[in-house]
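Structure file input.cif (mmCIF, C-alpha atoms and all ligand atoms) is printed below.
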data_entry
loop_
_atom_site.label_atom_id
_atom_site.label_comp_id
_atom_site.auth_asym_id
_atom_site.auth_seq_id
_atom_site.Cartn_x
_atom_site.Cartn_y
_atom_site.Cartn_z
CA MET A 917 20.63 -18.26 4.07
CA VAL A 918 19.51 -20.45 1.17
CA ALA A 919 22.47 -22.30 -0.47
CA SER A 920 23.13 -21.60 -4.13
CA GLU A 921 21.71 -24.85 -5.60
CA GLU A 922 18.67 -24.59 -3.37
CA ALA A 923 18.22 -20.95 -4.41
CA LYS A 924 18.37 -21.92 -8.09
CA ALA A 925 15.72 -24.58 -7.52
CA LEU A 926 13.57 -22.11 -5.57
CA ALA A 927 13.73 -19.63 -8.45
CA ALA A 928 13.09 -22.34 -11.05
CA ARG A 929 9.83 -23.51 -9.43
CA PHE A 930 8.49 -20.07 -8.54
CA ASP A 931 4.91 -19.46 -9.61
CA LEU A 932 2.87 -16.63 -8.13
CA ARG A 933 -0.26 -18.74 -8.47
CA THR A 934 0.97 -21.55 -6.24
CA LEU A 935 2.75 -20.02 -3.27
CA ALA A 936 3.87 -22.10 -0.27
CA PRO A 937 2.46 -21.05 3.14
CA SER A 938 6.03 -20.16 4.25
CA PHE A 939 6.19 -17.55 1.46
CA TYR A 940 3.60 -15.37 3.21
CA GLU A 941 5.62 -15.42 6.42
CA ASP A 942 8.96 -14.65 4.75
CA PRO A 943 9.05 -14.10 0.97
CA PHE A 944 12.55 -12.58 1.03
CA PRO A 945 14.63 -15.77 0.42
CA THR A 946 12.46 -16.44 -2.65
CA TYR A 947 12.82 -12.85 -3.85
CA ARG A 948 16.58 -13.07 -3.43
CA ALA A 949 16.79 -16.38 -5.30
CA LEU A 950 14.80 -14.87 -8.18
CA ARG A 951 16.89 -11.69 -8.27
CA GLU A 952 20.09 -13.74 -8.43
CA HIS A 953 19.02 -16.57 -10.74
CA ASP A 954 16.01 -15.49 -12.79
CA PRO A 955 15.38 -11.74 -12.42
CA VAL A 956 13.04 -11.58 -15.43
CA ARG A 957 11.15 -14.77 -14.67
CA ARG A 958 8.70 -16.16 -17.19
CA MET A 959 5.89 -17.76 -15.17
CA PRO A 960 3.86 -20.74 -16.39
CA ASP A 961 1.00 -18.46 -17.53
CA GLY A 962 3.42 -16.50 -19.77
CA SER A 963 3.57 -13.38 -17.60
CA LEU A 964 6.86 -11.96 -16.28
CA PHE A 965 7.92 -11.44 -12.66
CA LEU A 966 10.56 -8.72 -12.15
CA THR A 967 12.74 -8.46 -9.03
CA ARG A 968 15.59 -6.02 -9.84
CA TRP A 969 15.38 -2.40 -8.74
CA ALA A 970 16.60 -1.01 -12.06
CA ASP A 971 14.05 -3.02 -14.05
CA LEU A 972 11.18 -1.85 -11.81
CA ASP A 973 12.28 1.78 -11.83
CA ARG A 974 12.45 1.80 -15.63
CA THR A 975 9.12 -0.03 -16.03
CA TYR A 976 7.28 2.32 -13.69
CA ARG A 977 8.68 5.39 -15.48
CA ASP A 978 8.12 4.26 -19.07
CA THR A 979 4.36 4.77 -19.44
CA ARG A 980 4.53 4.60 -23.25
CA THR A 981 5.66 0.98 -23.20
CA PHE A 982 3.98 -0.18 -19.97
CA SER A 983 0.26 0.38 -19.44
CA SER A 984 -1.77 0.44 -16.21
CA ASP A 985 -5.05 -0.29 -18.03
CA LYS A 986 -6.42 -3.56 -16.65
CA ARG A 987 -9.54 -4.04 -18.81
CA VAL A 988 -8.20 -6.96 -20.84
CA GLU A 989 -6.59 -8.68 -17.85
CA PHE A 990 -9.55 -8.27 -15.47
CA ALA A 991 -12.36 -9.22 -17.88
CA PRO A 992 -11.86 -13.00 -17.52
CA LYS A 993 -10.78 -12.69 -13.87
CA PHE A 994 -13.85 -10.81 -12.62
CA GLY A 995 -16.47 -11.09 -15.37
CA PRO A 996 -19.10 -8.30 -15.64
CA THR A 997 -19.19 -7.64 -11.88
CA PRO A 998 -19.06 -4.63 -9.55
CA LEU A 999 -15.39 -5.47 -8.85
CA TYR A 1000 -14.61 -5.26 -12.58
CA GLU A 1001 -16.35 -1.91 -12.92
CA HIS A 1002 -14.62 -0.62 -9.80
CA HIS A 1003 -11.05 -1.58 -10.67
CA THR A 1004 -11.24 -0.58 -14.31
CA THR A 1005 -12.64 2.86 -13.41
CA SER A 1006 -10.06 3.67 -10.69
CA LEU A 1007 -7.26 6.02 -11.70
CA VAL A 1008 -4.57 3.58 -10.64
CA PHE A 1009 -5.67 1.05 -13.25
CA ASN A 1010 -6.05 3.54 -16.09
CA ASP A 1011 -3.84 5.40 -18.56
CA PRO A 1012 -4.48 8.97 -19.73
CA PRO A 1013 -6.91 10.64 -20.22
CA LEU A 1014 -8.97 9.32 -17.23
CA HIS A 1015 -5.85 8.87 -15.12
CA THR A 1016 -4.66 12.42 -15.71
CA ARG A 1017 -8.05 14.01 -15.00
CA VAL A 1018 -8.62 12.20 -11.71
CA ARG A 1019 -5.04 12.52 -10.51
CA ARG A 1020 -5.01 16.28 -11.06
CA LEU A 1021 -8.16 16.70 -8.99
CA ILE A 1022 -6.84 14.57 -6.13
CA MET A 1023 -3.38 16.17 -6.08
CA GLY A 1024 -4.94 19.62 -5.87
CA ALA A 1025 -6.24 18.74 -2.39
CA LEU A 1026 -3.06 16.96 -1.25
CA THR A 1027 -0.69 19.92 -1.44
CA PRO A 1028 2.16 20.15 1.11
CA ARG A 1029 0.23 22.97 2.77
CA ALA A 1030 -2.98 20.94 3.05
CA ILE A 1031 -1.05 18.00 4.48
CA ALA A 1032 0.82 20.14 7.02
CA GLY A 1033 -2.60 21.46 8.06
CA MET A 1034 -3.68 17.91 8.96
CA GLU A 1035 -0.88 17.37 11.49
CA PRO A 1036 -2.49 18.93 14.61
CA ALA A 1037 -5.67 16.82 14.27
CA LEU A 1038 -3.57 13.71 13.53
CA THR A 1039 -1.42 14.28 16.62
CA ALA A 1040 -4.51 14.77 18.77
CA LEU A 1041 -6.05 11.55 17.39
CA VAL A 1042 -2.85 9.57 17.99
CA ASP A 1043 -2.62 10.88 21.57
CA ARG A 1044 -6.25 9.90 22.24
CA LEU A 1045 -5.52 6.37 20.99
CA LEU A 1046 -2.38 6.19 23.13
CA ASP A 1047 -4.39 7.25 26.21
CA ALA A 1048 -7.03 4.62 25.45
CA MET A 1049 -4.34 1.95 25.06
CA ALA A 1050 -2.67 2.99 28.31
CA ALA A 1051 -6.03 2.59 30.08
CA LYS A 1052 -6.62 -0.79 28.44
CA GLY A 1053 -3.05 -1.86 29.27
CA GLU A 1054 -3.61 -1.02 32.92
CA GLN A 1055 -6.67 -3.28 33.00
CA HIS A 1056 -5.49 -6.19 30.82
CA GLY A 1057 -1.74 -5.71 30.62
CA GLU A 1058 -1.78 -5.92 26.82
CA ALA A 1059 -3.00 -4.23 23.67
CA ASP A 1060 -3.27 -5.19 20.01
CA LEU A 1061 -1.20 -2.75 18.00
CA ILE A 1062 -3.25 -3.32 14.86
CA GLU A 1063 -6.82 -3.08 16.10
CA ASP A 1064 -6.18 -0.61 18.91
CA TYR A 1065 -3.77 1.60 17.02
CA ALA A 1066 -2.44 1.05 13.48
CA ALA A 1067 -5.84 0.42 11.86
CA ALA A 1068 -7.60 3.18 13.78
CA ILE A 1069 -5.40 6.00 12.44
CA PRO A 1070 -5.69 5.87 8.61
CA ILE A 1071 -9.43 5.31 8.80
CA GLU A 1072 -9.86 8.64 10.56
CA VAL A 1073 -7.38 10.48 8.34
CA ILE A 1074 -8.88 9.33 5.06
CA GLY A 1075 -12.39 9.73 6.50
CA ASN A 1076 -11.50 13.38 7.21
CA LEU A 1077 -10.05 13.83 3.74
CA LEU A 1078 -13.33 12.88 2.11
CA GLY A 1079 -15.48 14.33 4.89
CA VAL A 1080 -17.13 11.04 5.89
CA PRO A 1081 -19.05 11.84 9.10
CA GLN A 1082 -17.56 10.22 12.22
CA GLY A 1083 -20.55 8.00 12.93
CA GLU A 1084 -20.51 6.55 9.37
CA ARG A 1085 -16.92 5.26 9.28
CA GLY A 1086 -17.63 1.88 10.89
CA PRO A 1087 -17.90 -0.30 7.73
CA LEU A 1088 -15.07 1.38 5.77
CA ARG A 1089 -12.25 -0.93 6.90
CA ASP A 1090 -14.08 -4.17 6.14
CA TRP A 1091 -15.18 -2.90 2.72
CA SER A 1092 -11.62 -1.92 1.98
CA LEU A 1093 -10.15 -5.27 3.10
CA ALA A 1094 -12.73 -7.16 1.03
CA ILE A 1095 -12.13 -5.14 -2.15
CA LEU A 1096 -8.33 -5.24 -1.93
CA GLY A 1097 -8.39 -8.94 -0.94
CA ALA A 1098 -9.89 -9.68 -4.36
CA LEU A 1099 -6.68 -8.35 -5.99
CA GLU A 1100 -4.63 -11.36 -4.86
CA PRO A 1101 -2.98 -13.40 -7.65
CA VAL A 1102 -5.59 -16.15 -7.13
CA VAL A 1103 -9.08 -15.15 -5.95
CA ALA A 1104 -11.29 -17.78 -4.28
CA GLU A 1105 -15.00 -17.63 -5.10
CA GLN A 1106 -15.86 -16.57 -1.57
CA ALA A 1107 -13.31 -13.73 -1.62
CA ALA A 1108 -14.72 -12.49 -4.95
CA ALA A 1109 -18.26 -12.60 -3.53
CA ARG A 1110 -17.18 -10.57 -0.49
CA GLY A 1111 -15.38 -8.08 -2.75
CA ASN A 1112 -18.43 -7.65 -5.00
CA ALA A 1113 -20.78 -7.20 -2.05
CA ALA A 1114 -18.39 -4.61 -0.59
CA VAL A 1115 -18.29 -2.57 -3.84
CA THR A 1116 -22.11 -2.62 -4.05
CA GLU A 1117 -22.57 -1.50 -0.44
CA PHE A 1118 -19.81 1.10 -0.72
CA LEU A 1119 -21.41 2.59 -3.88
CA SER A 1120 -24.77 2.79 -2.25
CA TYR A 1121 -23.28 4.57 0.77
CA LEU A 1122 -21.28 6.99 -1.39
CA ARG A 1123 -24.34 7.94 -3.46
CA THR A 1124 -25.91 9.38 -0.32
CA LEU A 1125 -22.66 11.05 0.79
CA VAL A 1126 -22.19 12.68 -2.63
CA ALA A 1127 -25.80 13.86 -2.73
CA ARG A 1128 -25.36 15.52 0.68
CA ARG A 1129 -22.08 17.14 -0.41
CA ARG A 1130 -23.61 18.44 -3.63
CA ALA A 1131 -26.28 20.12 -1.50
CA ALA A 1132 -23.69 21.52 0.97
CA PRO A 1133 -20.23 21.76 -0.66
CA GLY A 1134 -17.07 21.84 1.48
CA ASP A 1135 -13.88 23.87 0.95
CA PRO A 1136 -12.33 22.59 -2.30
CA ALA A 1137 -8.83 23.54 -1.03
CA THR A 1138 -8.98 20.75 1.56
CA ASP A 1139 -12.04 18.63 0.82
CA VAL A 1140 -11.17 16.06 -1.87
CA LEU A 1141 -14.79 15.02 -2.38
CA THR A 1142 -15.89 18.58 -3.14
CA ARG A 1143 -12.98 18.89 -5.61
CA LEU A 1144 -13.89 15.66 -7.33
CA ILE A 1145 -17.56 16.73 -7.57
CA GLN A 1146 -16.82 20.24 -8.84
CA GLY A 1147 -14.21 19.11 -11.39
CA GLU A 1148 -11.62 21.33 -12.97
CA ALA A 1149 -11.78 25.05 -13.57
CA SER A 1150 -11.84 24.23 -17.31
CA GLY A 1151 -15.29 22.76 -16.72
CA GLU A 1152 -14.29 19.14 -17.18
CA ARG A 1153 -16.18 16.89 -14.78
CA LEU A 1154 -16.02 13.25 -13.79
CA THR A 1155 -19.03 11.12 -14.61
CA GLU A 1156 -21.01 9.85 -11.60
CA THR A 1157 -19.52 6.35 -12.03
CA GLU A 1158 -15.97 7.75 -12.25
CA LEU A 1159 -16.58 9.91 -9.20
CA LEU A 1160 -17.94 7.11 -7.01
CA HIS A 1161 -15.33 4.51 -7.93
CA ASN A 1162 -12.42 6.89 -7.45
CA CYS A 1163 -13.75 7.80 -3.99
CA ILE A 1164 -13.80 4.10 -3.15
CA PHE A 1165 -10.27 3.75 -4.48
CA LEU A 1166 -9.03 6.70 -2.46
CA LEU A 1167 -10.62 5.41 0.72
CA ASN A 1168 -9.06 1.98 0.12
CA ALA A 1169 -5.63 3.21 -1.01
CA GLY A 1170 -5.07 5.08 2.21
CA HIS A 1171 -6.26 2.38 4.62
CA GLU A 1172 -4.56 -0.98 4.60
CA THR A 1173 -1.25 0.31 3.21
CA THR A 1174 -0.84 2.88 5.97
CA THR A 1175 -2.09 0.52 8.69
CA ASN A 1176 0.63 -1.85 7.52
CA LEU A 1177 3.30 0.84 7.51
CA ILE A 1178 2.58 1.58 11.18
CA GLY A 1179 2.19 -2.11 12.19
CA ASN A 1180 5.23 -3.27 10.22
CA GLY A 1181 7.31 -0.45 11.70
CA LEU A 1182 6.41 -1.19 15.31
CA GLU A 1183 7.03 -4.93 14.72
CA ALA A 1184 10.41 -4.33 13.01
CA LEU A 1185 11.56 -2.22 15.97
CA LEU A 1186 10.77 -5.17 18.27
CA ARG A 1187 12.72 -7.55 16.03
CA PHE A 1188 15.74 -5.21 15.89
CA PRO A 1189 16.13 -3.90 19.46
CA ALA A 1190 19.41 -2.07 18.74
CA GLU A 1191 17.56 0.02 16.11
CA LYS A 1192 14.74 0.65 18.59
CA ALA A 1193 17.29 1.86 21.17
CA ARG A 1194 18.89 4.05 18.51
CA LEU A 1195 15.57 5.69 17.65
CA LEU A 1196 14.81 6.26 21.32
CA GLU A 1197 18.18 7.96 21.73
CA GLN A 1198 17.86 9.95 18.50
CA PRO A 1199 14.16 10.70 17.89
CA GLY A 1200 15.26 12.97 15.03
CA LEU A 1201 15.84 9.80 12.98
CA ILE A 1202 12.08 9.17 12.74
CA GLY A 1203 11.94 10.42 9.11
CA SER A 1204 14.64 8.04 7.84
CA ALA A 1205 13.26 5.26 10.10
CA VAL A 1206 9.89 5.49 8.32
CA GLU A 1207 11.65 5.33 4.93
CA GLU A 1208 13.52 2.24 6.08
CA VAL A 1209 10.29 0.53 7.19
CA LEU A 1210 8.83 1.33 3.77
CA ARG A 1211 11.87 -0.21 2.08
CA PHE A 1212 12.41 -3.21 4.34
CA GLU A 1213 8.80 -4.31 4.86
CA SER A 1214 6.95 -2.61 1.98
CA SER A 1215 3.21 -2.53 2.62
CA ASN A 1216 2.55 -3.00 -1.07
CA GLN A 1217 4.76 -5.82 -2.35
CA LEU A 1218 3.53 -6.23 -5.92
CA GLY A 1219 2.55 -3.96 -8.80
CA ASN A 1220 1.37 -4.75 -12.33
CA ARG A 1221 1.73 -3.44 -15.85
CA GLY A 1222 0.84 -4.61 -19.35
CA VAL A 1223 3.25 -4.33 -22.28
CA MET A 1224 1.99 -2.14 -25.15
CA ALA A 1225 4.94 -2.27 -27.56
CA GLU A 1226 7.69 -4.80 -28.28
CA THR A 1227 10.51 -4.20 -25.79
CA GLU A 1228 13.40 -5.77 -23.95
CA ILE A 1229 13.84 -6.15 -20.20
CA GLY A 1230 17.20 -7.28 -18.80
CA GLY A 1231 18.09 -9.04 -22.06
CA VAL A 1232 14.69 -10.75 -22.43
CA GLN A 1233 12.60 -9.88 -25.52
CA VAL A 1234 9.04 -9.02 -24.48
CA ALA A 1235 6.02 -9.06 -26.78
CA PRO A 1236 3.06 -6.65 -26.64
CA GLY A 1237 0.24 -8.03 -24.48
CA THR A 1238 2.62 -9.58 -21.93
CA LEU A 1239 1.52 -9.05 -18.32
CA ILE A 1240 4.18 -8.02 -15.85
CA THR A 1241 4.33 -8.27 -12.05
CA LEU A 1242 6.72 -5.81 -10.46
CA CYS A 1243 8.01 -7.11 -7.16
CA ILE A 1244 8.54 -4.03 -5.02
CA GLY A 1245 9.52 -6.13 -2.00
CA ALA A 1246 12.39 -7.72 -3.96
CA ALA A 1247 13.56 -4.52 -5.66
CA ASN A 1248 13.74 -2.82 -2.28
CA ARG A 1249 16.34 -5.36 -1.14
CA ASP A 1250 18.42 -5.31 -4.32
CA PRO A 1251 22.13 -5.08 -3.38
CA ALA A 1252 22.80 -3.24 -6.66
CA GLN A 1253 20.82 -0.31 -5.22
CA PHE A 1254 21.05 -0.72 -1.42
CA PRO A 1255 24.33 -1.61 0.35
CA ASP A 1256 23.78 -4.42 2.90
CA PRO A 1257 20.10 -4.64 1.90
CA GLU A 1258 19.03 -7.29 4.43
CA ARG A 1259 20.04 -4.97 7.27
CA PHE A 1260 17.30 -2.87 8.88
CA ASP A 1261 19.07 0.48 9.30
CA ILE A 1262 16.90 3.35 10.50
CA GLY A 1263 19.54 5.89 9.46
CA ARG A 1264 19.91 4.57 5.88
CA MET A 1265 20.69 7.38 3.44
CA PRO A 1266 20.20 7.54 0.50
CA ASN A 1267 17.15 5.29 0.41
CA ARG A 1268 15.53 5.38 -3.04
CA HIS A 1269 13.01 2.65 -2.29
CA LEU A 1270 10.07 1.92 -4.57
CA ALA A 1271 7.44 1.39 -1.86
CA PHE A 1272 5.35 4.16 -3.46
CA ALA A 1273 6.31 3.07 -7.03
CA ALA A 1274 7.69 5.78 -9.38
CA GLY A 1275 6.68 7.80 -12.43
CA ALA A 1276 3.20 8.99 -13.43
CA HIS A 1277 1.31 6.69 -11.02
CA GLN A 1278 3.59 7.21 -8.02
CA CYS A 1279 1.46 7.15 -4.88
CA ALA A 1280 -0.63 10.32 -4.70
CA GLY A 1281 -0.84 10.00 -0.92
CA LEU A 1282 2.83 9.47 -0.14
CA ALA A 1283 3.34 12.68 1.83
CA LEU A 1284 0.26 11.91 3.92
CA ALA A 1285 1.36 8.30 4.50
CA ARG A 1286 4.82 9.49 5.59
CA LEU A 1287 3.29 12.01 8.00
CA GLU A 1288 1.03 9.32 9.50
CA GLY A 1289 4.02 6.97 9.83
CA ARG A 1290 6.19 9.55 11.56
CA VAL A 1291 3.53 10.73 14.01
CA ALA A 1292 2.17 7.24 14.81
CA ILE A 1293 5.49 5.41 15.22
CA GLY A 1294 7.34 8.34 16.82
CA ARG A 1295 4.69 9.13 19.43
CA PHE A 1296 4.05 5.47 20.25
CA LEU A 1297 7.72 4.87 20.95
CA ALA A 1298 8.04 7.99 23.10
CA ARG A 1299 5.00 6.95 25.13
CA PHE A 1300 5.71 3.20 25.49
CA PRO A 1301 9.50 2.81 25.09
CA ARG A 1302 9.53 -0.61 26.78
CA TYR A 1303 6.74 -2.25 24.73
CA ALA A 1304 7.36 -5.96 24.18
CA PRO A 1305 5.71 -8.88 22.35
CA ALA A 1306 2.81 -10.54 24.23
CA GLY A 1307 2.22 -13.43 21.84
CA PRO A 1308 2.83 -14.39 18.23
CA PRO A 1309 1.79 -11.78 15.67
CA VAL A 1310 -0.79 -12.91 13.08
CA ARG A 1311 0.08 -12.08 9.46
CA GLY A 1312 -2.46 -10.91 6.89
CA GLY A 1313 -1.62 -13.89 4.68
CA ARG A 1314 -1.49 -11.96 1.42
CA ALA A 1315 1.13 -11.78 -1.28
CA ARG A 1316 0.30 -8.26 -2.46
CA PHE A 1317 -0.25 -6.43 0.82
CA ARG A 1318 2.22 -7.22 3.58
CA GLY A 1319 1.14 -6.61 7.16
CA PHE A 1320 -0.36 -8.04 10.33
CA LEU A 1321 -3.91 -8.71 11.43
CA LYS A 1322 -2.86 -8.90 15.08
CA LEU A 1323 0.20 -7.65 16.92
CA PRO A 1324 -0.24 -8.30 20.66
CA VAL A 1325 2.12 -6.35 22.94
CA ARG A 1326 2.68 -5.57 26.61
CA LEU A 1327 2.93 -1.84 26.92
CA ALA A 1328 5.43 -1.51 29.78
C1 LIG A 1401 2.31 3.40 3.36
C2 LIG A 1401 1.24 3.75 2.70
C3 LIG A 1401 1.08 3.66 1.21
C4 LIG A 1401 1.75 2.88 0.30
C5 LIG A 1401 2.88 1.89 0.55
C6 LIG A 1401 1.18 3.19 -1.01
C7 LIG A 1401 1.63 2.62 -2.19
C8 LIG A 1401 1.18 2.96 -3.45
C9 LIG A 1401 1.70 2.45 -4.69
C10 LIG A 1401 2.83 1.42 -4.83
C11 LIG A 1401 1.01 3.03 -5.72
C12 LIG A 1401 1.23 2.84 -7.21
C13 LIG A 1401 0.41 1.74 -7.78
C14 LIG A 1401 0.71 1.47 -9.24
O1 LIG A 1401 0.69 2.37 -10.08
O2 LIG A 1401 0.96 0.31 -9.58
C15 LIG A 1401 0.03 3.91 -5.10
C16 LIG A 1401 -0.89 4.67 -5.79
C17 LIG A 1401 -1.80 5.49 -5.19
N1 LIG A 1401 -1.93 5.78 -3.85
FE1 LIG A 1401 -0.80 5.04 -2.37
N2 LIG A 1401 0.20 4.12 -0.85
C18 LIG A 1401 0.10 4.45 0.48
C19 LIG A 1401 -0.77 5.36 1.06
C20 LIG A 1401 -1.67 6.13 0.38
C21 LIG A 1401 -2.55 7.12 0.97
C22 LIG A 1401 -2.57 7.52 2.44
C23 LIG A 1401 -3.31 7.61 -0.04
C24 LIG A 1401 -4.41 8.66 -0.01
C25 LIG A 1401 -4.40 9.76 0.58
C26 LIG A 1401 -2.90 6.97 -1.26
C27 LIG A 1401 -3.43 7.22 -2.51
C28 LIG A 1401 -2.96 6.68 -3.69
C29 LIG A 1401 -3.51 7.02 -4.99
C30 LIG A 1401 -4.66 7.98 -5.28
C31 LIG A 1401 -2.79 6.26 -5.93
C32 LIG A 1401 -3.00 6.22 -7.45
C33 LIG A 1401 -2.07 7.17 -8.09
C34 LIG A 1401 -2.12 7.10 -9.60
O3 LIG A 1401 -2.54 6.09 -10.19
O4 LIG A 1401 -1.74 8.12 -10.20
N3 LIG A 1401 -1.91 6.07 -0.97
N4 LIG A 1401 0.16 3.87 -3.73
#

Would you write out, as structure tokens, the structure that this file holds?
Amino acid sequence: MVASEEAKALAARFDLRTLAPSFYEDPFPTYRALREHDPVRRMPDGSLFLTRWADLDRTYRDTRTFSSDKRVEFAPKFGPTPLYEHHTTSLVFNDPPLHTRVRRLIMGALTPRAIAGMEPALTALVDRLLDAMAAKGEQHGEADLIEDYAAAIPIEVIGNLLGVPQGERGPLRDWSLAILGALEPVVAEQAAARGNAAVTEFLSYLRTLVARRRAAPGDPATDVLTRLIQGEASGERLTETELLHNCIFLLNAGHETTTNLIGNGLEALLRFPAEKARLLEQPGLIGSAVEEVLRFESSNQLGNRGVMAETEIGGVQVAPGTLITLCIGAANRDPAQFPDPERFDIGRMPNRHLAFAAGAHQCAGLALARLEGRVAIGRFLARFPRYAPAGPPVRGGRARFRGFLKLPVRLA
């Protein structure tokens, strides 16, 4: 544990733009120091960094004061590039009316019934991957839980949701990693170039997919792309640019975050063997175990808002135009909301974590992500109860998205 004076110093020098390498491995001592000593931290660039659960919950819910529109912020960051067009056209980085129109169309295809209907195919996919890993394990003794498992699941699920043909899914993960990588607090030139190339290639692919779907529409009750193309019953349609960029966003939103939920969960169970034993004894805890993984190792650690009207946060006066970073990873370990927050407790109840944010922009895919987490983690554990580390895991090295690039394990 970091001593009090050290914690104060840690909070006092915190700047999201100059993070130490150790932060990526374990940001939680820094988060804790900030929560305790400077919970509404003014960073050198004038923006604020929030770490308390109550401040995040209120900020996410108050859409009149806090905007998701990123046009002003992203103009100098990206310039007139494909990345700028992409991010500023996605629903997540917009306020009404675009946000409302796109969200309604997406939610219409993500009903509880539609999601329950996805479970049999998901279970079959997971079992196929488990069989393939068992065969690989027999030959080599080890498997990589990210490449062989966690990354392979969301790509198929989200590919099915938009009806991307099986043989065309190959480039999706790399495009997604490149586009989301360019959302880091500091973006190197090379990362921006990769992100821009990915948006351009993705758009060109989607133009052909959309043209094919226009010619042969799917069932709008389950096919999100058909819904987005056909628009609302009222006749309101998305423009072609809005349609394409929101498809890219949807494909990205469901990939890395869910891969990280599965990877982070299987890694946490290795780090906390008593909790792994508990889950093996009581498989019925899988639902609360997934919630605890989301809280304890949130896939998405940071969110952002812009202030639209003079306000006050935790006693600090905040002017319009101020940019705010909401630290989900810190809020999810706030002792004012979670008793014994540094403890990984798969039976934790209640667990009002903010891994999916809250309010009008709360994750549209949360029920699907939870289903994927339960099926993937639950069935893996039942199949390979004695899995063990086979080398050091490799972290993704990002501040915003927390997860692993490699997680080598022995399966038995
Ligand atoms: C563990 C997995 C996931 C996590 C942790 C996660 C997290 C989040 C968070 C924090 C937001 C809010 C962003 C903000 O407003 O600042 C969000 C939005 C969103 N997510 Fe997820 N997500 C996950 C999986 C998914 C999946 C599987 C899908 C697609 C099926 C999805 C689709 C979306 C969409 C469309 C939005 C934008 C909603 C809006 O702006 O109204 N997400 N997600």

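If only C-alpha atoms and all ligand atoms are the atoms counted, then among A:Thr1142, A:Gln1198, A:Thr1174, A:Asn1180 the closest residue to ligand LIG 1401 (chain A) is A:Thr1174.
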
Q | Atom-to-atom span, CA of Ala1247 in chain A and CA of Asp971 in chain A, Å | A | 8.5 Å

**Q.** Contacts of Ala1040 in chain A within 12 Å, only C-alpha atoms, excl. fewer than 5 positions in-chain, as a list in words
**A.** Met1034, Glu1035, Leu1045, Leu1046, Asp1047, Ile1069, Glu1072, Val1073, Val1291, Ala1292 and Arg1295 of chain A

Dump of C-alpha atoms for the selected residues, as a compact mmCIF listing (two decimals), in the coordinates of the input:
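Below is the file out_9.txt, written as the result:
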# COMPACT_ATOMS: atom_id res chain seq x y z
CA MET A 1034 -3.68 17.91 8.96
CA GLU A 1035 -0.88 17.37 11.49
CA LEU A 1045 -5.52 6.37 20.99
CA LEU A 1046 -2.38 6.19 23.13
CA ASP A 1047 -4.39 7.25 26.21
CA ILE A 1069 -5.40 6.00 12.44
CA GLU A 1072 -9.86 8.64 10.56
CA VAL A 1073 -7.38 10.48 8.34
CA VAL A 1291 3.53 10.73 14.01
CA ALA A 1292 2.17 7.24 14.81
CA ARG A 1295 4.69 9.13 19.43

Q: Mind giving me the straight-line distance from CA of Glu1063 in chain A to CA of Ala936 in chain A in Å, one decimal?
A: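 Atom-to-atom, CA of Glu1063 in chain A and CA of Ala936 in chain A are spaced 27.3 Å apart.
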
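What separates atom C5 of ligand LIG 1401 (chain A) from CA of Arg1290 in chain A is a distance of 13.8 Å.
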
Q) Looking at A:Gln1233, A:Asn1216, A:Thr1157, A:Thr1238, which one is nearest to Ala1169 in chain A, with distances taken over all atoms listed in the file? A)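 So, comparing all the options, the nearest one is A:Asn1216.
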
Q | Among listed residues A:Arg1019, A:Lys1052, A:His1161, A:Arg1249, nearest ligand LIG 1401 (chain A) (using all atoms listed in the file) | A |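 Answer, going by the shortest atom-to-atom distance: A:Arg1019.
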
Q | Test item: residues at most 12 Å from Gly1097 in chain A, only C-alpha atoms, excluding those fewer than 3 positions along its chain, as an NGL selection string | A | :A and (999 or 1089-1094 or 1100-1112 or 1114 or 1168 or 1172 or 1312-1318)

**Q.** Counting only C-alpha atoms, the residue of A:Arg933, A:Ser920, A:Gly1203, A:Ser963 that sits nearest Pro1236 in chain A
**A.** A:Ser963

Ligand LIG 1401 (chain A) neighbours within 6 Å using all atoms listed in the file, as a short mmCIF file (atom, residue, chain, number, x, y, z; two decimals) with C-alpha atoms, in the frame of the given file:
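Saved file result-v3.cif follows:
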data_model
loop_
_atom_site.label_atom_id
_atom_site.label_comp_id
_atom_site.auth_asym_id
_atom_site.auth_seq_id
_atom_site.Cartn_x
_atom_site.Cartn_y
_atom_site.Cartn_z
CA LEU A 1007 -7.26 6.02 -11.70
CA VAL A 1008 -4.57 3.58 -10.64
CA ARG A 1019 -5.04 12.52 -10.51
CA LEU A 1166 -9.03 6.70 -2.46
CA ALA A 1169 -5.63 3.21 -1.01
CA GLY A 1170 -5.07 5.08 2.21
CA THR A 1173 -1.25 0.31 3.21
CA THR A 1174 -0.84 2.88 5.97
CA LEU A 1177 3.30 0.84 7.51
CA SER A 1215 3.21 -2.53 2.62
CA ASN A 1216 2.55 -3.00 -1.07
CA GLY A 1219 2.55 -3.96 -8.80
CA ASN A 1220 1.37 -4.75 -12.33
CA ALA A 1271 7.44 1.39 -1.86
CA PHE A 1272 5.35 4.16 -3.46
CA ALA A 1273 6.31 3.07 -7.03
CA ALA A 1276 3.20 8.99 -13.43
CA HIS A 1277 1.31 6.69 -11.02
CA GLN A 1278 3.59 7.21 -8.02
CA CYS A 1279 1.46 7.15 -4.88
CA ALA A 1280 -0.63 10.32 -4.70
CA GLY A 1281 -0.84 10.00 -0.92
CA LEU A 1282 2.83 9.47 -0.14
CA LEU A 1284 0.26 11.91 3.92
CA ALA A 1285 1.36 8.30 4.50
#

(Q) Set the distance at 12 Å and use all atoms listed in the file: which residues neighbour Glu1226 in chain A once local chain neighbours fewer than 4 positions away are removed? I'd like the list as JSON, numbers by chain. (A) {"A": [980, 981, 982, 1222, 1232, 1233, 1234, 1235, 1236, 1237, 1238]}
